[in-house]
Amino acid sequence: MSSPNASKSSDCGSPDHDQHRRRFLQGLASTGAISTMSWSGLFSVPAFAKIAKRQHKHCILLWLCGGPSQFETWDPKPGTSTGGPFGSIPTTIPGVHVSELMPKCASVLDKMAVIRSMKTNQSEHFQGISLLTRGDNPRPPFTRPTLGSVLAQQLGQLDSAIPNFVLLDPCPEGNEFKSFKAGNWAGWLGAEYAPVRVGGEFKLQDVDRLPGISEVDHEEREALRSFLSRRFENERQSAAASSHNAVYERVKGLMSCAPLFDLERLPQADRERYGPGTFGQHALLARSLVEEGAPFVMVANGMPWDTHVFNHEIYQMVVPDLDNIVYQLVTDLEERGMADNTLVVVMGEFGRTPWVNVKRGRDHYPNAWSMAMAGCGIQPGAVVGATDALGVEVTDSPYNEKNLFATIYRALGIDPYAEFDIPDLPTFHRVEERTEPITEVLA
Amino acid sequence: MSIRFVAIYILLLFLPLSASATAPQANWHTARTVLQDHCIKCHGGVEQKGGLDLRSIESTLKGGDSGPAVTPGDADASLLLEMLRLDAETPMPPKGDPLTPEQVTVLTEWVLAMGDESKATSTHSAFLPEGLSPQLAIDVALERSWLRHGYQPSARISDTHYVRRITLDLLGRIPTGEEQQTFLAATDSNKRQRLVDKLLKSSEHARHLAEIFDIVLLGRSERLPGSDRPLGRDDTWHAYLRWAFSSNRSWNTIVRDLIIARPSSDLEKGASWFLYAHKDDHQSIAASVAPKLLGKQIGCAQCHDHPIIPEIKQGHYWGMVAFFNRSYNVQTPAGPRLGEHAVGGNIQFSNLESESFDAKLAFLTGETVTEPEPEAHVKALYSTPPPEKFFEALNKPKDRKKQKRKDTPRYDTAPVPQFSRREQFAKLAIERNLDFSKAFVNRIWAMLLGRGLVHPVEHIDSIHPPSHPELLTWLSQDFANHGYNVRRLIRAIVASKVYQLDSVPAAKKRPPEASFACGITKPLSAEVLLRSLLIASGRTPGPDGSFAGVDELSVRALITRVYPDMFSESFSPRASEALLYSNNATLDALLDFGEGSLLESLSTLATVKESVQRAFLRVHGRETAAEELAACISFVGDQPDRFKHVLWSLVTSSEFRFNH
């Protein structure tokens, strides 16, 4: 397979381009009207990025939005009043069982880590999503960046062609995740760390340069646009204008890496292994983007886990799919030698109630829930924490979102307690109160 | 302004400002975040352990089984603080980490500050008397807050920028070159007011408001393939909105039209679509009416009382549903209508503890409606009864298989019961409910100023305090007292000083948006941006505001796909927007359309310099700065065909993307 990036370098050295650019910029200089600031601003977008330097560490977040049930996944309680109809099966870790709906993960659980004692305090989607993507409760006026934005900044490079934060999500409509998505993902880090969102089409739109516009013109008109636009932004100190200009800075990189988003380029056998659904195909896409150097990919899939009605019937359909996807991802990364530098996190914003409601559904339950991780920095086969016989309360090692985020940052070699002093905001830390990571799952 | 007015104005500005009277409220919002993180889970909307609810000041003062949780001004006597001590008998929180010393300090300061409040004798420091003009009330309230916080307001916006700003806000497009020249050439001191009055009376203004409220009330909608009509509404809906805004129909009447949905004239008939579009989904109606008409999000209260906002109860959510659950869609020869049953619609809801309740006709204000017990035969309960076949079907045994697919019934007229739950709702929602007025005032404020007095706009509740509470209340009362006159409200806001502030900050550091001391850069909606782009390219809108030879709906669909929502909390553009403008053939073709285009007219000018200057004037409505001129001339160099890229750079710059 040839990397689409490989062909980029031949475009870069075009003498014609260099010459024209020099002329344009010389012209600007000769007017003497351009301040040093704006002058250097014109150069800050390199004409053609060199192939992005591959970063060592990556993260894929399989975001099970809606709140997956721990009973039908990582923490089964078969035969109890809360356990539901499904049994449990042994895994490759002696003594550890998972739901019978997850035979494939059971066969590789010794390569993964499971936390069964998550205990958080937000039981509504919007607040829960915010808590588990930002790692803390809101503290207005300060907006904490989401995990993806932090990793984009820590693991990525600003001039990378491939987006530092990719959000794959085929379901734009109709749920609380939509209202979260409309919000501010990057927080104080700024719009350049916001996600690039790609929906179910498996490719980016409007990525091909129009035939009537030469590469040089396309490049230089953006330089001119940026120059004029930054002037407006600076004069008004407008954060909105800054976000607007930040998305234009993405254009060149996205155009050059667009083929990476095209699933057609991936082997048919791979596509079949991940299953026909968008969640599986997006997970495969995430793997391939990471191989190409993407530091962080979040795979979301609407909110199928939010089963207030017919929990068992729905989980019978969606858990085997998840089981396969996690299995394929974990084994693929290992086979490709990427497991050591790629962290996989599988979680939602909370778990589901032990008791089943009158509509045979399980409602939101942040008190005791489970999640899984694998790969970079993670101790293979670690199973941490426990709940009581009915899964109502955590009986051993409760961990909250701060513990989890400290763990993720540690696993990726990022200082969890970095301190930030931003004008007009109180001092804050990447993870507050020096909350300890979950050391048992760290390698 | 007369001398007397100036005197009142100055007097109002310097009314005694008592710091202590506002402090406890400020402290409460800090204290609340601590309580929210550590206590609300057990002492909030979902659970009230020990009978204690810590979601509001009132409920905290009331306390639980052990008495009041706080004693204002006395930290030692406050149970809440005592329970937090590590040496307490059962220290709180019972599990997990104790509160940090800083968090305890926040709570202690709040308790102490409450004491000051009880002692304080001064009335509300931010007093706004009745009888002011709404414009004066706005000016006083804002200037007073700038003085108090030491914000230096921006300069008054120049005429050049003003005409762009007001035309965008009132017509939903940039001014044409001719419109701009006419305004700039006028020399009378009253010319801004004259322009506003002219714009407010135009059909384009009605079209613009209709467009915004179409999106607010029913949401943007994809079109059916091959159709020029969005799903879930038809032309009568758009015609209704345009008529309502062009005839300056009062907002309370509009909302009655939407809720009661029994049109008495052809002009009103499209109003039925507001409820009809929900296709008999009563929860969807409740979840839409509350934020859009009353400025409140109640979806969270479906399964339990709102976990954070104390005044929103589970019973309110289901009460809202109950007001609409006798209504059903009916197809009549006159178009889609809403019928209503005379009986039924009794629902139960259960909370997380599986306790079951009957949903009462309970409104958000806490008022409930008692329904008359049906005494007569069911037919007599209708003022307009359904057809005979309806009653015949009632007596037949139900065939479950047949019932599965529910078709919209076709009746000659929509049935109307003697006692209509929708009428009751309209009454409660509109009459004596200041929040109804607040929701609209806040939305119009956000539309014109770029941010609501309550932000985000659909969150008028106790945890989203207004930036200028006295002003929101004053304007809302004034709006209600003056017959919910939409045009009067808009006119007052745009005539105010705050509307006419430059978006360039006066001081080195930009004051916070919520201060309104500096004009906010407001993103254009997809609709507004497209029309502006068409004008910038050299086209002129027809008398009805449309553009000959352009398939606006198709192009607009391209743009709405990549644009963020209207009235969103913060502006979060997507990379797909930049890709669209950079590489989409349809959008690219809009700029370069040959005869009559700006691009063509520029090519006839003698020098590049003149062309650049003309382009800036048409696109941004202003003169070109020296460094801009230099950059553009340098860019074009000796290749005049590169001029189209200059034009592209102008229409894709932030200056064009925002109203500023």
# chains A, B, ... in the order shown; residues from 1 in each chain; ligands from 1
>>> interface_residues(of="chain B", to="chain A", cutoff="8 Å", atoms="only C-alpha atoms", output="number ranges by chain")
B: 33, 37, 41, 300, 503-505, 510, 521, 523, 564-565, 568-580, 582-585, 626-628, 630-632, 634-635, 637, 642, 645-646, 648-650, 652-655, 658
>>> select_by_dssp(residues="stretch 391-471 of chain B", states="alpha helix (DSSP H)", output="number ranges by chain")
B: 391-395, 400-403, 421-430, 434-449, 469-471
>>> write_last_selection(atoms="N, CA and C atoms", output="tab-separated table (two decimals), in the first residue's frame")
chain	number	residue	atom	x	y	z
B	391	PHE	N	-67.07	8.21	16.80
B	391	PHE	CA	-67.78	7.63	17.94
B	391	PHE	C	-68.13	6.17	17.68
B	392	GLU	N	-68.43	5.86	16.41
B	392	GLU	CA	-68.71	4.46	16.07
B	392	GLU	C	-67.50	3.59	16.38
B	393	ALA	N	-66.34	4.10	16.01
B	393	ALA	CA	-65.11	3.32	16.25
B	393	ALA	C	-64.89	3.08	17.74
B	394	LEU	N	-65.35	4.03	18.57
B	394	LEU	CA	-65.17	3.90	20.02
B	394	LEU	C	-65.92	2.70	20.56
B	395	ASN	N	-67.08	2.43	19.95
B	395	ASN	CA	-67.93	1.36	20.46
B	395	ASN	C	-67.55	-0.01	19.93
B	400	ARG	N	-56.49	-4.97	17.39
B	400	ARG	CA	-55.13	-4.54	17.70
B	400	ARG	C	-54.23	-4.51	16.46
B	401	LYS	N	-54.45	-5.51	15.60
B	401	LYS	CA	-53.60	-5.57	14.41
B	401	LYS	C	-53.78	-4.33	13.55
B	402	LYS	N	-55.05	-3.94	13.41
B	402	LYS	CA	-55.34	-2.80	12.55
B	402	LYS	C	-54.80	-1.50	13.16
B	403	GLN	N	-54.76	-1.47	14.48
B	403	GLN	CA	-54.37	-0.22	15.14
B	403	GLN	C	-52.89	0.10	14.99
B	421	ARG	N	-57.34	21.64	26.71
B	421	ARG	CA	-56.08	21.74	27.45
B	421	ARG	C	-55.11	22.71	26.77
B	422	ARG	N	-55.14	22.75	25.46
B	422	ARG	CA	-54.23	23.69	24.76
B	422	ARG	C	-54.58	25.14	25.08
B	423	GLU	N	-55.91	25.41	25.15
B	423	GLU	CA	-56.29	26.79	25.51
B	423	GLU	C	-55.81	27.13	26.91
B	424	GLN	N	-55.95	26.16	27.82
B	424	GLN	CA	-55.49	26.39	29.19
B	424	GLN	C	-54.00	26.67	29.21
B	425	PHE	N	-53.28	25.92	28.41
B	425	PHE	CA	-51.83	26.11	28.36
B	425	PHE	C	-51.47	27.50	27.85
B	426	ALA	N	-52.14	27.89	26.77
B	426	ALA	CA	-51.83	29.20	26.19
B	426	ALA	C	-52.06	30.30	27.23
B	427	LYS	N	-53.13	30.13	27.99
B	427	LYS	CA	-53.45	31.12	29.01
B	427	LYS	C	-52.33	31.18	30.06
B	428	LEU	N	-51.96	30.01	30.58
B	428	LEU	CA	-50.93	29.97	31.63
B	428	LEU	C	-49.57	30.43	31.11
B	429	ALA	N	-49.27	30.04	29.88
B	429	ALA	CA	-47.95	30.34	29.34
B	429	ALA	C	-47.78	31.83	29.09
B	430	ILE	N	-48.87	32.47	28.70
B	430	ILE	CA	-48.75	33.85	28.24
B	430	ILE	C	-49.15	34.85	29.33
B	434	LEU	N	-44.04	36.22	33.45
B	434	LEU	CA	-43.00	37.10	32.95
B	434	LEU	C	-41.94	36.33	32.16
B	435	ASP	N	-41.77	35.04	32.47
B	435	ASP	CA	-40.77	34.27	31.74
B	435	ASP	C	-41.09	34.15	30.25
B	436	PHE	N	-42.38	34.18	29.93
B	436	PHE	CA	-42.77	34.15	28.53
B	436	PHE	C	-42.20	35.37	27.81
B	437	SER	N	-42.37	36.50	28.46
B	437	SER	CA	-41.86	37.74	27.92
B	437	SER	C	-40.33	37.74	27.91
B	438	LYS	N	-39.75	37.25	29.00
B	438	LYS	CA	-38.29	37.21	29.10
B	438	LYS	C	-37.67	36.39	27.99
B	439	ALA	N	-38.30	35.25	27.70
B	439	ALA	CA	-37.73	34.35	26.69
B	439	ALA	C	-37.61	35.06	25.35
B	440	PHE	N	-38.64	35.84	24.99
B	440	PHE	CA	-38.61	36.52	23.70
B	440	PHE	C	-37.64	37.70	23.73
B	441	VAL	N	-37.71	38.51	24.79
B	441	VAL	CA	-36.82	39.66	24.90
B	441	VAL	C	-35.36	39.20	24.85
B	442	ASN	N	-35.09	38.12	25.56
B	442	ASN	CA	-33.71	37.61	25.61
B	442	ASN	C	-33.25	37.14	24.23
B	443	ARG	N	-34.15	36.51	23.48
B	443	ARG	CA	-33.78	36.02	22.16
B	443	ARG	C	-33.52	37.19	21.19
B	444	ILE	N	-34.39	38.19	21.25
B	444	ILE	CA	-34.20	39.33	20.36
B	444	ILE	C	-32.92	40.08	20.75
B	445	TRP	N	-32.68	40.18	22.04
B	445	TRP	CA	-31.44	40.81	22.51
B	445	TRP	C	-30.23	40.06	21.95
B	446	ALA	N	-30.28	38.73	22.05
B	446	ALA	CA	-29.16	37.92	21.55
B	446	ALA	C	-29.01	38.07	20.04
B	447	MET	N	-30.14	38.14	19.35
B	447	MET	CA	-30.10	38.28	17.90
B	447	MET	C	-29.40	39.58	17.50
B	448	LEU	N	-29.65	40.66	18.25
B	448	LEU	CA	-29.12	41.96	17.88
B	448	LEU	C	-27.76	42.26	18.52
B	449	LEU	N	-27.52	41.74	19.72
B	449	LEU	CA	-26.27	42.06	20.42
B	449	LEU	C	-25.26	40.93	20.38
B	469	PRO	N	-29.76	41.54	35.38
B	469	PRO	CA	-31.09	41.04	35.76
B	469	PRO	C	-32.16	42.12	35.75
B	470	GLU	N	-31.79	43.31	36.28
B	470	GLU	CA	-32.81	44.36	36.38
B	470	GLU	C	-33.26	44.80	35.00
B	471	LEU	N	-32.35	44.77	34.04
B	471	LEU	CA	-32.70	45.20	32.69
B	471	LEU	C	-33.60	44.16	32.02
>>> select_by_dssp(residues="stretch 296-353 of chain B", states="strand (DSSP E)", output="short mmCIF file (atom, residue, chain, number, x, y, z; two decimals) with N, CA and C atoms, in the first residue's frame")
data_model
loop_
_atom_site.label_atom_id
_atom_site.label_comp_id
_atom_site.auth_asym_id
_atom_site.auth_seq_id
_atom_site.Cartn_x
_atom_site.Cartn_y
_atom_site.Cartn_z
N SER B 327 -54.15 16.25 22.03
CA SER B 327 -54.13 16.82 20.68
C SER B 327 -53.66 15.78 19.68
N TYR B 328 -54.18 15.87 18.48
CA TYR B 328 -53.74 14.93 17.44
C TYR B 328 -53.88 15.58 16.08
N ASN B 329 -53.02 15.15 15.18
CA ASN B 329 -53.03 15.70 13.83
C ASN B 329 -54.27 15.24 13.05
N VAL B 330 -54.84 16.17 12.32
CA VAL B 330 -56.01 15.87 11.49
C VAL B 330 -55.77 16.49 10.12
N GLN B 331 -56.10 15.74 9.08
CA GLN B 331 -56.08 16.32 7.74
C GLN B 331 -57.48 16.84 7.41
N THR B 332 -57.59 18.11 7.10
CA THR B 332 -58.89 18.64 6.71
C THR B 332 -58.76 19.21 5.30
N GLY B 335 -56.51 21.98 5.06
CA GLY B 335 -55.09 21.80 5.36
C GLY B 335 -54.89 21.07 6.67
N PRO B 336 -53.63 20.94 7.10
CA PRO B 336 -53.35 20.23 8.33
C PRO B 336 -53.84 21.00 9.55
N ARG B 337 -54.47 20.31 10.47
CA ARG B 337 -55.00 20.94 11.67
C ARG B 337 -54.71 20.08 12.90
N LEU B 338 -54.93 20.66 14.07
CA LEU B 338 -54.78 19.94 15.32
C LEU B 338 -56.15 19.71 15.94
N GLY B 339 -56.58 18.45 16.02
CA GLY B 339 -57.81 18.13 16.75
C GLY B 339 -57.48 17.99 18.21
N GLU B 340 -58.51 17.90 19.04
CA GLU B 340 -58.26 17.66 20.47
C GLU B 340 -59.39 16.81 21.03
N GLN B 348 -49.48 8.55 33.83
CA GLN B 348 -48.71 8.41 35.05
C GLN B 348 -47.23 8.44 34.69
N PHE B 349 -46.46 8.97 35.61
CA PHE B 349 -45.02 8.86 35.40
C PHE B 349 -44.42 8.34 36.69
N SER B 350 -43.26 7.72 36.60
CA SER B 350 -42.63 7.23 37.82
C SER B 350 -41.22 7.77 37.92
#
>>> residues_around(residues="A:Asp270", least_positions_apart="6", cutoff="12 Å", atoms="only C-alpha atoms", output="PDB file with N, CA and C atoms, in the first residue's frame")
ATOM      1  N   LEU A 263     -12.243   4.957   2.907  1.00  0.00           N
ATOM      2  CA  LEU A 263     -12.173   3.553   3.312  1.00  0.00           C
ATOM      3  C   LEU A 263     -11.860   2.620   2.155  1.00  0.00           C
ATOM      4  N   GLU A 264     -12.192   3.065   0.951  1.00  0.00           N
ATOM      5  CA  GLU A 264     -12.004   2.201  -0.212  1.00  0.00           C
ATOM      6  C   GLU A 264     -10.551   1.764  -0.370  1.00  0.00           C
ATOM      7  N   PRO A 276     -19.932  -4.742   9.144  1.00  0.00           N
ATOM      8  CA  PRO A 276     -20.520  -3.813   8.185  1.00  0.00           C
ATOM      9  C   PRO A 276     -20.968  -2.469   8.779  1.00  0.00           C
ATOM     10  N   GLY A 280     -17.882  -0.103  13.357  1.00  0.00           N
ATOM     11  CA  GLY A 280     -16.744  -0.947  13.015  1.00  0.00           C
ATOM     12  C   GLY A 280     -15.870  -0.323  11.941  1.00  0.00           C
ATOM     13  N   GLN A 281     -16.513   0.206  10.908  1.00  0.00           N
ATOM     14  CA  GLN A 281     -15.748   0.805   9.815  1.00  0.00           C
ATOM     15  C   GLN A 281     -14.976   2.033  10.313  1.00  0.00           C
ATOM     16  N   HIS A 282     -15.600   2.774  11.190  1.00  0.00           N
ATOM     17  CA  HIS A 282     -14.910   3.936  11.754  1.00  0.00           C
ATOM     18  C   HIS A 282     -13.748   3.507  12.646  1.00  0.00           C
ATOM     19  N   ALA A 283     -13.916   2.398  13.364  1.00  0.00           N
ATOM     20  CA  ALA A 283     -12.828   1.903  14.213  1.00  0.00           C
ATOM     21  C   ALA A 283     -11.637   1.489  13.334  1.00  0.00           C
ATOM     22  N   LEU A 284     -11.957   0.853  12.216  1.00  0.00           N
ATOM     23  CA  LEU A 284     -10.898   0.482  11.274  1.00  0.00           C
ATOM     24  C   LEU A 284     -10.206   1.734  10.723  1.00  0.00           C
ATOM     25  N   LEU A 285     -11.020   2.714  10.394  1.00  0.00           N
ATOM     26  CA  LEU A 285     -10.472   3.974   9.894  1.00  0.00           C
ATOM     27  C   LEU A 285      -9.559   4.601  10.955  1.00  0.00           C
ATOM     28  N   ARG A 287      -7.845   3.052  13.222  1.00  0.00           N
ATOM     29  CA  ARG A 287      -6.587   2.306  13.249  1.00  0.00           C
ATOM     30  C   ARG A 287      -5.673   2.793  12.132  1.00  0.00           C
ATOM     31  N   SER A 288      -6.275   2.944  10.953  1.00  0.00           N
ATOM     32  CA  SER A 288      -5.436   3.318   9.825  1.00  0.00           C
ATOM     33  C   SER A 288      -4.945   4.764   9.936  1.00  0.00           C
ATOM     34  N   ILE A 325     -15.265  -5.536  17.480  1.00  0.00           N
ATOM     35  CA  ILE A 325     -14.486  -4.342  17.126  1.00  0.00           C
ATOM     36  C   ILE A 325     -13.293  -4.168  18.063  1.00  0.00           C
ATOM     37  N   GLN A 328     -10.731  -6.879  17.257  1.00  0.00           N
ATOM     38  CA  GLN A 328      -9.979  -6.618  16.021  1.00  0.00           C
ATOM     39  C   GLN A 328      -8.947  -5.518  16.244  1.00  0.00           C
ATOM     40  N   LEU A 329      -9.367  -4.493  16.937  1.00  0.00           N
ATOM     41  CA  LEU A 329      -8.486  -3.349  17.151  1.00  0.00           C
ATOM     42  C   LEU A 329      -7.284  -3.755  17.998  1.00  0.00           C
ATOM     43  N   ASP A 332      -5.106  -6.256  15.994  1.00  0.00           N
ATOM     44  CA  ASP A 332      -4.452  -5.553  14.874  1.00  0.00           C
ATOM     45  C   ASP A 332      -3.271  -4.726  15.352  1.00  0.00           C
TER      46      ASP A 332
END
>>> atom_distance(atom1="atom CA of B:Lys296", atom2="atom CA of B:Tyr317")
10.9 Å
>>> residues_around(residues="A:Arg434", least_positions_apart="6", cutoff="12 Å", atoms="only C-alpha atoms", output="PyMOL selection string")
chain A and resi 402-403+405-407+415-419+428
>>> residues_around(residues="stretch 133-144 of chain B", least_positions_apart="3", cutoff="10 Å", atoms="only C-alpha atoms", output="compact mmCIF listing (two decimals) with N, CA and C atoms, in the first residue's frame")
# COMPACT_ATOMS: atom_id res chain seq x y z
N PHE B 5 -34.38 65.15 31.07
CA PHE B 5 -34.01 63.77 30.81
C PHE B 5 -32.57 63.49 31.21
N ILE B 8 -32.37 63.16 34.94
CA ILE B 8 -32.83 61.85 35.42
C ILE B 8 -31.79 60.79 35.12
N TYR B 9 -31.28 60.90 33.90
CA TYR B 9 -30.30 59.93 33.42
C TYR B 9 -29.10 59.86 34.35
N ILE B 10 -28.59 61.06 34.65
CA ILE B 10 -27.39 61.11 35.50
C ILE B 10 -27.73 60.62 36.90
N LEU B 11 -28.90 60.99 37.36
CA LEU B 11 -29.34 60.57 38.69
C LEU B 11 -29.36 59.04 38.76
N LEU B 12 -29.94 58.44 37.73
CA LEU B 12 -30.07 56.98 37.71
C LEU B 12 -28.71 56.30 37.68
N LEU B 13 -27.80 56.90 36.92
CA LEU B 13 -26.48 56.29 36.79
C LEU B 13 -25.78 56.17 38.12
N PHE B 14 -26.00 57.18 38.97
CA PHE B 14 -25.23 57.22 40.22
C PHE B 14 -26.06 56.86 41.44
N LEU B 15 -27.16 56.16 41.22
CA LEU B 15 -27.90 55.65 42.37
C LEU B 15 -26.92 54.92 43.28
N LEU B 17 -24.72 52.55 45.06
CA LEU B 17 -24.45 51.16 44.72
C LEU B 17 -23.94 50.46 45.97
N ALA B 126 -29.78 47.91 41.71
CA ALA B 126 -29.87 48.15 40.29
C ALA B 126 -31.29 48.53 39.90
N PHE B 127 -31.81 49.50 40.61
CA PHE B 127 -33.19 49.90 40.42
C PHE B 127 -33.39 50.63 39.09
N LEU B 128 -34.40 50.21 38.35
CA LEU B 128 -34.77 50.90 37.12
C LEU B 128 -36.23 51.31 37.24
N PRO B 129 -36.50 52.61 37.29
CA PRO B 129 -37.89 53.03 37.51
C PRO B 129 -38.78 52.73 36.31
N GLU B 130 -40.07 52.61 36.59
CA GLU B 130 -41.03 52.50 35.49
C GLU B 130 -41.12 53.84 34.80
N LEU B 147 -19.80 51.62 34.52
CA LEU B 147 -19.19 52.46 35.55
C LEU B 147 -18.78 51.63 36.75
N ARG B 148 -19.70 50.77 37.17
CA ARG B 148 -19.48 49.99 38.38
C ARG B 148 -18.26 49.08 38.22
N HIS B 149 -18.14 48.45 37.03
CA HIS B 149 -17.06 47.49 36.84
C HIS B 149 -15.81 48.11 36.24
N GLY B 150 -15.88 49.40 35.95
CA GLY B 150 -14.72 50.06 35.37
C GLY B 150 -14.42 49.65 33.94
N TYR B 151 -15.44 49.29 33.18
CA TYR B 151 -15.21 48.98 31.78
C TYR B 151 -15.35 50.24 30.95
N GLN B 152 -14.43 50.38 30.04
CA GLN B 152 -14.54 51.54 29.15
C GLN B 152 -15.27 51.10 27.88
N PRO B 153 -16.47 51.64 27.64
CA PRO B 153 -17.19 51.20 26.45
C PRO B 153 -16.48 51.65 25.18
N HIS B 468 -27.53 41.21 33.34
CA HIS B 468 -28.14 42.46 33.80
C HIS B 468 -29.58 42.17 34.20
N PRO B 469 -29.76 41.54 35.38
CA PRO B 469 -31.09 41.04 35.76
C PRO B 469 -32.16 42.12 35.75
N GLU B 470 -31.79 43.31 36.28
CA GLU B 470 -32.81 44.36 36.38
C GLU B 470 -33.26 44.80 35.00
N LEU B 471 -32.35 44.77 34.04
CA LEU B 471 -32.70 45.20 32.69
C LEU B 471 -33.60 44.16 32.02
N LEU B 472 -33.26 42.90 32.18
CA LEU B 472 -34.08 41.85 31.56
C LEU B 472 -35.50 41.91 32.12
N TRP B 474 -36.97 44.50 33.54
CA TRP B 474 -37.60 45.75 33.13
C TRP B 474 -38.10 45.65 31.69
N LEU B 475 -37.24 45.20 30.79
CA LEU B 475 -37.62 45.12 29.37
C LEU B 475 -38.77 44.13 29.17
N ASP B 478 -41.92 45.74 30.35
CA ASP B 478 -42.28 46.76 29.39
C ASP B 478 -42.86 46.13 28.11
N PHE B 479 -42.26 45.04 27.69
CA PHE B 479 -42.73 44.33 26.49
C PHE B 479 -44.17 43.85 26.72
N ARG B 488 -41.55 47.50 18.40
CA ARG B 488 -41.16 48.49 19.42
C ARG B 488 -39.91 48.02 20.17
N LEU B 489 -39.88 46.73 20.49
CA LEU B 489 -38.73 46.18 21.20
C LEU B 489 -37.46 46.27 20.36
N ILE B 490 -37.59 45.86 19.11
CA ILE B 490 -36.40 45.89 18.23
C ILE B 490 -35.92 47.33 18.05
N ARG B 491 -36.88 48.23 17.84
CA ARG B 491 -36.50 49.62 17.63
C ARG B 491 -35.76 50.18 18.84
N ALA B 492 -36.24 49.85 20.04
CA ALA B 492 -35.60 50.36 21.26
C ALA B 492 -34.17 49.82 21.37
N ILE B 493 -34.00 48.54 21.09
CA ILE B 493 -32.65 47.97 21.26
C ILE B 493 -31.68 48.58 20.26
N VAL B 494 -32.10 48.69 19.00
CA VAL B 494 -31.13 49.19 18.02
C VAL B 494 -30.88 50.69 18.17
N ALA B 495 -31.81 51.39 18.86
CA ALA B 495 -31.58 52.82 19.08
C ALA B 495 -30.66 53.06 20.28
N SER B 496 -30.43 52.02 21.07
CA SER B 496 -29.67 52.22 22.30
C SER B 496 -28.19 52.42 21.99
N LYS B 497 -27.47 52.93 23.01
CA LYS B 497 -26.03 53.15 22.85
C LYS B 497 -25.30 51.84 22.67
N VAL B 498 -25.73 50.84 23.44
CA VAL B 498 -24.97 49.59 23.45
C VAL B 498 -24.99 48.94 22.06
N TYR B 499 -26.11 49.08 21.36
CA TYR B 499 -26.17 48.49 20.02
C TYR B 499 -25.18 49.18 19.08
N SER B 515 -20.37 41.88 29.38
CA SER B 515 -20.48 43.28 29.80
C SER B 515 -21.14 44.12 28.71
N PHE B 516 -21.11 43.64 27.48
CA PHE B 516 -21.64 44.37 26.32
C PHE B 516 -20.95 45.73 26.14
N ALA B 517 -19.78 45.90 26.74
CA ALA B 517 -19.09 47.19 26.64
C ALA B 517 -18.36 47.34 25.31
